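As stored in input_34.txt (compact mmCIF, C-alpha atoms):
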# COMPACT_ATOMS: atom_id res chain seq x y z
CA MET Y 254 145.72 40.49 120.43
CA PHE Y 255 143.92 42.57 122.95
CA GLY Y 256 146.56 43.12 123.50
CA GLY Y 257 144.72 40.79 121.01
CA VAL Y 258 141.14 40.68 119.85
CA GLN Y 259 140.28 40.65 116.22
CA CYS Y 260 136.94 40.44 114.57
CA LEU Y 261 135.81 39.98 111.01
CA LEU Y 262 132.40 41.03 109.74
CA ARG Y 263 130.71 39.79 106.61
CA CYS Y 264 127.62 41.51 105.19
CA GLN Y 265 125.53 39.74 102.57
CA HIS Y 266 126.48 41.82 99.55
CA GLU Y 267 129.10 44.09 101.05
CA THR Y 268 132.70 44.07 102.05
CA ARG Y 269 133.32 41.92 105.12
CA PRO Y 270 134.76 44.09 107.90
CA VAL Y 271 137.19 42.47 110.31
CA LEU Y 272 137.92 43.83 113.77
CA TRP Y 273 141.32 42.97 115.18
CA ARG Y 274 142.14 43.48 118.82
CA PHE Y 275 145.66 42.78 119.84
CA ASP Y 276 148.23 43.88 122.38
CA HIS Y 277 151.83 44.86 122.05
CA LEU Y 278 152.80 42.67 119.11
CA GLY Y 279 152.49 45.56 116.65
CA PHE Y 280 155.41 47.17 118.48
CA ASN Y 281 158.74 47.43 116.64
CA PRO Y 282 161.45 46.56 119.19
CA ALA Y 283 164.18 47.86 116.92
CA ASP Y 284 163.22 51.53 117.25
CA GLN Y 285 160.54 51.54 120.01
CA THR Y 286 157.79 52.64 117.59
CA ARG Y 287 154.85 50.88 116.01
CA PHE Y 288 155.14 49.07 112.70
CA ALA Y 289 153.14 50.59 109.84
CA PHE Y 290 149.70 49.03 109.37
CA GLU Y 291 150.73 47.16 106.24
CA VAL Y 292 153.62 45.57 108.17
CA ARG Y 293 151.65 44.63 111.29
CA TRP Y 294 150.01 41.26 111.02
CA PRO Y 295 146.43 42.62 110.82
CA GLY Y 296 147.58 44.64 107.80
CA VAL Y 297 149.05 41.47 106.31
CA VAL Y 298 145.69 39.79 106.81
CA GLN Y 299 143.96 42.68 105.07
CA THR Y 300 146.32 42.53 102.10
CA THR Y 301 146.15 38.76 101.82
CA LEU Y 302 142.37 38.43 102.17
CA GLY Y 303 141.82 41.29 99.73
CA ALA Y 304 139.05 43.79 99.12
CA ASP Y 305 136.24 41.38 100.06
CA TYR Y 306 137.25 41.84 103.68
CA ARG Y 307 137.85 44.88 105.85
CA VAL Y 308 140.13 44.68 108.87
CA VAL Y 309 139.28 47.03 111.74
CA GLU Y 310 142.25 47.01 114.08
CA GLU Y 311 141.93 47.44 117.85
CA GLY Y 312 145.38 47.62 119.44
CA LEU Y 313 146.52 48.86 122.84
CA SER Y 314 149.94 48.38 124.38
CA GLY Y 315 149.82 46.58 127.72
CA ARG Y 316 146.31 45.20 127.35
CA THR Y 317 145.55 42.16 129.49
CA VAL Y 318 142.97 39.40 129.23
CA ALA Y 319 140.88 40.44 132.23
CA THR Y 320 143.09 42.19 134.79
CA GLU Y 321 143.53 45.88 135.49
CA SER Y 322 147.16 46.91 135.12
CA TRP Y 323 148.94 48.60 138.00
CA VAL Y 324 151.43 50.07 135.50
CA LEU Y 325 149.09 51.29 132.75
CA PRO Y 326 145.43 52.06 133.55
CA ASN Y 327 142.42 50.98 131.46
CA ARG Y 328 144.03 47.83 130.02
CA ASP Y 329 141.44 45.25 131.09
CA GLY Y 330 140.55 43.48 127.84
CA ARG Y 331 137.36 41.87 129.04
CA ALA Y 332 135.98 45.19 130.23
CA MET Y 333 136.59 46.70 126.79
CA LEU Y 334 135.42 43.77 124.67
CA VAL Y 335 131.64 44.17 124.80
CA PRO Y 336 131.63 47.91 123.94
CA LEU Y 337 133.92 47.15 120.99
CA LEU Y 338 131.71 44.30 119.79
CA GLU Y 339 128.71 46.60 119.86
CA THR Y 340 130.64 49.40 118.16
CA HIS Y 341 131.81 47.29 115.23
CA ALA Y 342 128.88 44.86 114.82
CA PRO Y 343 127.93 43.02 112.73
CA LEU Y 344 131.07 40.86 112.71
CA ASP Y 345 131.78 37.53 111.09
CA TRP Y 346 134.96 36.85 113.07
CA VAL Y 347 136.48 37.75 116.40
CA VAL Y 348 140.15 36.83 116.61
CA LEU Y 349 141.56 36.88 120.14
CA MET Y 350 145.27 36.96 120.90
CA LEU Y 351 145.88 38.05 124.49
CA GLY Y 352 147.80 36.76 127.45
CA THR Y 353 151.39 37.90 127.05
CA ASN Y 354 151.05 40.92 129.33
CA ASP Y 355 149.25 38.81 131.95
CA LEU Y 356 152.44 36.77 132.32
CA GLY Y 357 154.12 39.62 134.20
CA PRO Y 358 155.07 38.25 137.65
CA SER Y 359 153.40 41.22 139.36
CA TYR Y 360 149.99 39.87 138.27
CA LYS Y 361 150.64 36.54 140.00
CA LEU Y 362 148.61 34.62 137.41
CA THR Y 363 149.20 31.04 136.31
CA ALA Y 364 148.93 29.89 132.70
CA GLN Y 365 145.70 28.12 133.65
CA GLN Y 366 144.20 31.30 135.07
CA ILE Y 367 145.17 33.33 132.01
CA SER Y 368 143.69 30.67 129.75
CA PHE Y 369 140.45 30.57 131.75
CA GLY Y 370 140.28 34.33 131.32
CA CYS Y 371 140.35 33.76 127.55
CA ALA Y 372 137.40 31.40 127.94
CA THR Y 373 135.43 34.26 129.50
CA LEU Y 374 136.25 36.40 126.45
CA ILE Y 375 134.86 33.72 124.13
CA TRP Y 376 131.73 33.49 126.26
CA ALA Y 377 131.29 37.25 126.02
CA VAL Y 378 131.46 37.08 122.22
CA GLN Y 379 129.01 34.17 122.09
CA LYS Y 380 126.48 35.97 124.29
CA ARG Y 381 126.63 39.27 122.41
CA PHE Y 382 125.08 38.14 119.08
CA ALA Y 383 127.27 40.64 117.25
CA GLY Y 384 127.26 38.75 113.95
CA PRO Y 385 125.19 39.43 110.83
CA GLY Y 386 121.47 39.24 111.54
CA GLY Y 387 122.09 38.81 115.25
CA SER Y 388 124.13 35.65 114.81
CA VAL Y 389 127.25 34.72 116.78
CA PRO Y 390 130.60 35.62 115.16
CA ARG Y 391 133.14 32.86 114.61
CA VAL Y 392 136.04 33.02 117.06
CA LEU Y 393 139.72 32.34 116.45
CA LEU Y 394 141.81 32.03 119.63
CA VAL Y 395 145.53 32.54 119.07
CA ALA Y 396 148.07 31.53 121.70
CA PRO Y 397 150.78 34.23 121.67
CA PRO Y 398 154.34 33.19 120.88
CA SER Y 399 156.33 32.01 123.86
CA PHE Y 400 159.22 34.11 125.13
CA GLY Y 401 162.72 33.87 123.78
CA ALA Y 402 165.81 35.12 125.63
CA LEU Y 403 164.51 38.17 127.50
CA LYS Y 404 166.60 41.32 127.22
CA GLY Y 405 166.53 44.88 128.51
CA MET Y 406 163.25 46.12 129.98
CA MET Y 407 161.59 42.82 129.12
CA THR Y 408 163.62 41.17 131.89
CA LEU Y 409 161.90 43.52 134.35
CA PHE Y 410 158.44 43.00 132.91
CA PHE Y 411 158.54 39.22 132.39
CA GLY Y 412 161.58 37.74 134.11
CA GLY Y 413 160.67 34.40 135.69
CA SER Y 414 157.67 33.82 133.40
CA GLU Y 415 159.48 32.06 130.56
CA GLU Y 416 158.15 28.61 131.42
CA ALA Y 417 154.60 29.87 131.91
CA SER Y 418 154.70 31.45 128.44
CA LYS Y 419 155.35 27.98 126.98
CA GLN Y 420 152.34 26.55 128.82
CA LEU Y 421 149.78 28.92 127.30
CA ALA Y 422 149.55 27.08 123.97
CA ARG Y 423 148.39 23.79 125.49
CA GLN Y 424 145.92 25.53 127.79
CA TYR Y 425 144.53 27.73 125.00
CA ALA Y 426 143.99 24.67 122.82
CA ILE Y 427 141.77 23.18 125.54
CA VAL Y 428 139.81 26.45 125.83
CA ALA Y 429 139.28 26.71 122.07
CA ASP Y 430 138.24 23.08 121.64
CA THR Y 431 135.84 23.17 124.58
CA ASN Y 432 134.16 26.38 123.44
CA GLY Y 433 133.88 25.77 119.70
CA ALA Y 434 136.55 28.23 118.61
CA LYS Y 435 139.22 27.88 115.96
CA TYR Y 436 142.76 27.76 117.33
CA LEU Y 437 146.29 28.73 116.33
CA ASP Y 438 149.50 28.27 118.29
CA ALA Y 439 151.54 31.26 117.13
CA SER Y 440 154.78 29.61 118.30
CA ARG Y 441 154.38 27.05 115.50
CA VAL Y 442 154.78 29.76 112.86
CA VAL Y 443 156.78 32.58 114.52
CA HIS Y 444 159.35 33.16 117.25
CA ALA Y 445 160.01 36.15 119.48
CA CYS Y 446 162.74 38.34 118.03
CA ASP Y 447 166.32 38.35 119.33
CA ILE Y 448 166.15 42.05 120.21
CA ASP Y 449 164.02 41.66 123.35
CA GLY Y 450 162.72 38.09 123.37
CA VAL Y 451 159.05 39.11 123.37
CA HIS Y 452 157.99 41.04 120.26
CA LEU Y 453 157.90 40.03 116.60
CA ASP Y 454 160.06 41.49 113.85
CA ALA Y 455 158.62 42.40 110.45
CA ASP Y 456 159.08 38.88 109.09
CA GLY Y 457 157.30 37.45 112.12
CA GLN Y 458 154.40 39.85 111.57
CA ARG Y 459 154.14 38.64 107.97
CA LYS Y 460 154.21 34.94 108.87
CA LEU Y 461 151.61 35.34 111.61
CA GLY Y 462 149.32 37.32 109.32
CA ILE Y 463 149.50 34.65 106.64
CA ALA Y 464 148.78 31.85 109.13
CA ILE Y 465 145.71 33.66 110.47
CA THR Y 466 144.53 34.43 106.94
CA GLU Y 467 144.68 30.75 106.02
CA ILE Y 468 142.43 29.77 108.92
CA ILE Y 469 139.87 32.48 108.17
CA ALA Y 470 139.82 31.86 104.41
CA SER Y 471 139.63 28.06 104.68
CA THR Y 472 136.85 28.19 107.26
CA ASP Y 473 134.84 30.64 105.16
CA ARG Y 474 135.24 28.38 102.12
CA GLU Y 475 133.96 25.41 104.12
CA VAL Y 476 130.97 27.40 105.36
CA ALA Y 477 130.19 28.60 101.82
CA THR Y 478 130.37 25.04 100.50
CA ARG Y 479 127.87 23.80 103.08
CA ALA Y 480 125.47 26.69 102.46
Rewrite the structure of this file - the entire thing - as C-alpha cells.
Amino acid sequence: MFGGVQCLLRCQHETRPVLWRFDHLGFNPADQTRFAFEVRWPGVVQTTLGADYRVVEEGLSGRTVATESWVLPNRDGRAMLVPLLETHAPLDWVVLMLGTNDLGPSYKLTAQQISFGCATLIWAVQKRFAGPGGSVPRVLLVAPPSFGALKGMMTLFFGGSEEASKQLARQYAIVADTNGAKYLDASRVVHACDIDGVHLDADGQRKLGIAITEIIASTDREVATRA
C-alpha cells in the first residue's frame, strides 16, 4: 500500500526480490506502534513465498495515491513511485494498495477520482520498463478494506467517508481490468479491526498476506507453464 505499492523482482537464476509499497496498514492500532515485519502482511508474503522471493518493503504512514498531504508532507505516492521503481529494478511484480488516506474529507476526492489516480500509477509502472531485461513488471492492484465503525482519531480523519470507502473496490476492479493488472478486493478476505475501524489486526495482516501470495504464486506458475 503506498500507503501501498509492492513490487516483486525475479532474476533468471537468482532470488526474486519483491518491493512492497503500502500505507498505514502496517500500523498496530492496539498500541500505536508498527507490527513487526514478520507480522505485517508483506512479511507474511515473504514467509509464505519462501526463499525464492525477496520482499523489499516500502511503507510510509499517510501516503496518498497522488495528492500532497496538508497534514504530513512528502506523502504523494505517484511522485515517489518512479524513483522507487528505478531504485529497486529489476522487478517482476509491483503490488499497489493505496487509497485509504485519500478518503479523508479534507482532500475532497471521490472514489472515482481516487481510482483514476491508481490508473496513473499503473501507467507509470508500465512506462518505466523496470522488469528483468527491461520488461514491464506485472501489477497487482489491491482495493484497501472498507471502513468499519470509526473510533477515536479515525473519526476526525475519515468521518463521512464510510460510503466512499465501500465504492473503491468496484472502481479499482474497473481500473485493473482495463489496464491489464491483477486485482484483489481486500474486503473479501479481511475487515477493519474493531479498535479504530480502519487498520488491520495481526490476524487480518496474516489473511491479507496469504491472499496476495496466492495471486502472485498462481500467476507465476501459469507464466512458467506457458514458457
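Here atom CA of Ser314 of chain Y is placed at a distance of 25.3 Å from atom CA of Ile468 of chain Y.
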Mind giving me the straight-line distance from atom CA of Gln379 of chain Y to atom CA of Lys361 of chain Y in Å, one decimal? 28.2 Å
Kindly provide, as a PyMOL selection string, the polymer residues lying within 8 Å of (162.2, 40.8, 115.3), counting only C-alpha atoms and using the coordinates exactly as they appear in the file. chain Y and resi 281-283+445-448+452-457
Env of segment 321-335 of chain Y: 8 Å cut, atoms = only C-alpha atoms, seq-sep filter 5 positions within chain, self excluded. Answer as a VMD selection string. chain Y and resid 255 to 256 313 315 to 316 373 to 374 377 to 378 381
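Residues in contact range of segment 292-298 of chain Y, defined as at most 8 Å between all atoms listed in the file, with sequence neighbours fewer than 3 positions away removed, read Trp273, Gly279, Phe288, Ala289, Thr301, Leu302, Val308, Glu310, Ala455, Gln458, Arg459, Lys460, Leu461, Gly462, Ile463, Ile465 and Thr466 of chain Y.
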With C-alpha atoms retained, write the just-selected residues as a JSON list (two decimals), in the coordinates of the input.
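Generated file (out_3.json):
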[["chain", "number", "residue", "atom", "x", "y", "z"],
["Y", 273, "TRP", "CA", 141.32, 42.97, 115.18],
["Y", 279, "GLY", "CA", 152.49, 45.56, 116.65],
["Y", 288, "PHE", "CA", 155.14, 49.07, 112.70],
["Y", 289, "ALA", "CA", 153.14, 50.59, 109.84],
["Y", 301, "THR", "CA", 146.15, 38.76, 101.82],
["Y", 302, "LEU", "CA", 142.37, 38.43, 102.17],
["Y", 308, "VAL", "CA", 140.13, 44.68, 108.87],
["Y", 310, "GLU", "CA", 142.25, 47.01, 114.08],
["Y", 455, "ALA", "CA", 158.62, 42.40, 110.45],
["Y", 458, "GLN", "CA", 154.40, 39.85, 111.57],
["Y", 459, "ARG", "CA", 154.14, 38.64, 107.97],
["Y", 460, "LYS", "CA", 154.21, 34.94, 108.87],
["Y", 461, "LEU", "CA", 151.61, 35.34, 111.61],
["Y", 462, "GLY", "CA", 149.32, 37.32, 109.32],
["Y", 463, "ILE", "CA", 149.50, 34.65, 106.64],
["Y", 465, "ILE", "CA", 145.71, 33.66, 110.47],
["Y", 466, "THR", "CA", 144.53, 34.43, 106.94]]
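One distance worth recording is that between atom CA of Arg423 of chain Y and atom CA of Thr472 of chain Y, which is 22.0 Å.
If you measure from each of Y:Asn432, Y:Gln424, Y:Thr286, Y:Ser414 to Gln366 of chain Y using all atoms listed in the file, the closest one turns out to be Y:Gln424.
Closest approach to Cys371 of chain Y among Y:Gln299, Y:Thr478, Y:Thr340, Y:Thr353 is made by Y:Thr353 (distances from all atoms listed in the file).
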For segment 393-399 of chain Y, list every protein, DNA or RNA residue within 7 Å, evaluated using only C-alpha atoms, and leave out those in the same chain fewer than 5 positions away; present the list as a tab-separated table (two decimals) with C-alpha atoms, in the coordinates of the input.
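Done, and the output landed in result13.tsv:
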chain	number	residue	atom	x	y	z
Y	347	VAL	CA	136.48	37.75	116.40
Y	348	VAL	CA	140.15	36.83	116.61
Y	349	LEU	CA	141.56	36.88	120.14
Y	350	MET	CA	145.27	36.96	120.90
Y	351	LEU	CA	145.88	38.05	124.49
Y	352	GLY	CA	147.80	36.76	127.45
Y	353	THR	CA	151.39	37.90	127.05
Y	418	SER	CA	154.70	31.45	128.44
Y	419	LYS	CA	155.35	27.98	126.98
Y	421	LEU	CA	149.78	28.92	127.30
Y	422	ALA	CA	149.55	27.08	123.97
Y	425	TYR	CA	144.53	27.73	125.00
Y	429	ALA	CA	139.28	26.71	122.07
Y	434	ALA	CA	136.55	28.23	118.61
Y	435	LYS	CA	139.22	27.88	115.96
Y	436	TYR	CA	142.76	27.76	117.33
Y	437	LEU	CA	146.29	28.73	116.33
Y	438	ASP	CA	149.50	28.27	118.29
Y	439	ALA	CA	151.54	31.26	117.13
Y	440	SER	CA	154.78	29.61	118.30
Y	443	VAL	CA	156.78	32.58	114.52
Y	444	HIS	CA	159.35	33.16	117.25
Y	445	ALA	CA	160.01	36.15	119.48
Considering all atoms listed in the file, return as a ChimeraX atom specification whatever protein or nucleic-acid residues lie within 8 Å of Leu403 of chain Y, sequence-local ones (same chain, fewer than 6 positions apart) excluded. /Y:411-412,449-451
So which one's closest to Tyr306 of chain Y, Y:Ala477, Y:Ala470, Y:Ala364, Y:Val318? Using only C-alpha atoms, please. Y:Ala470
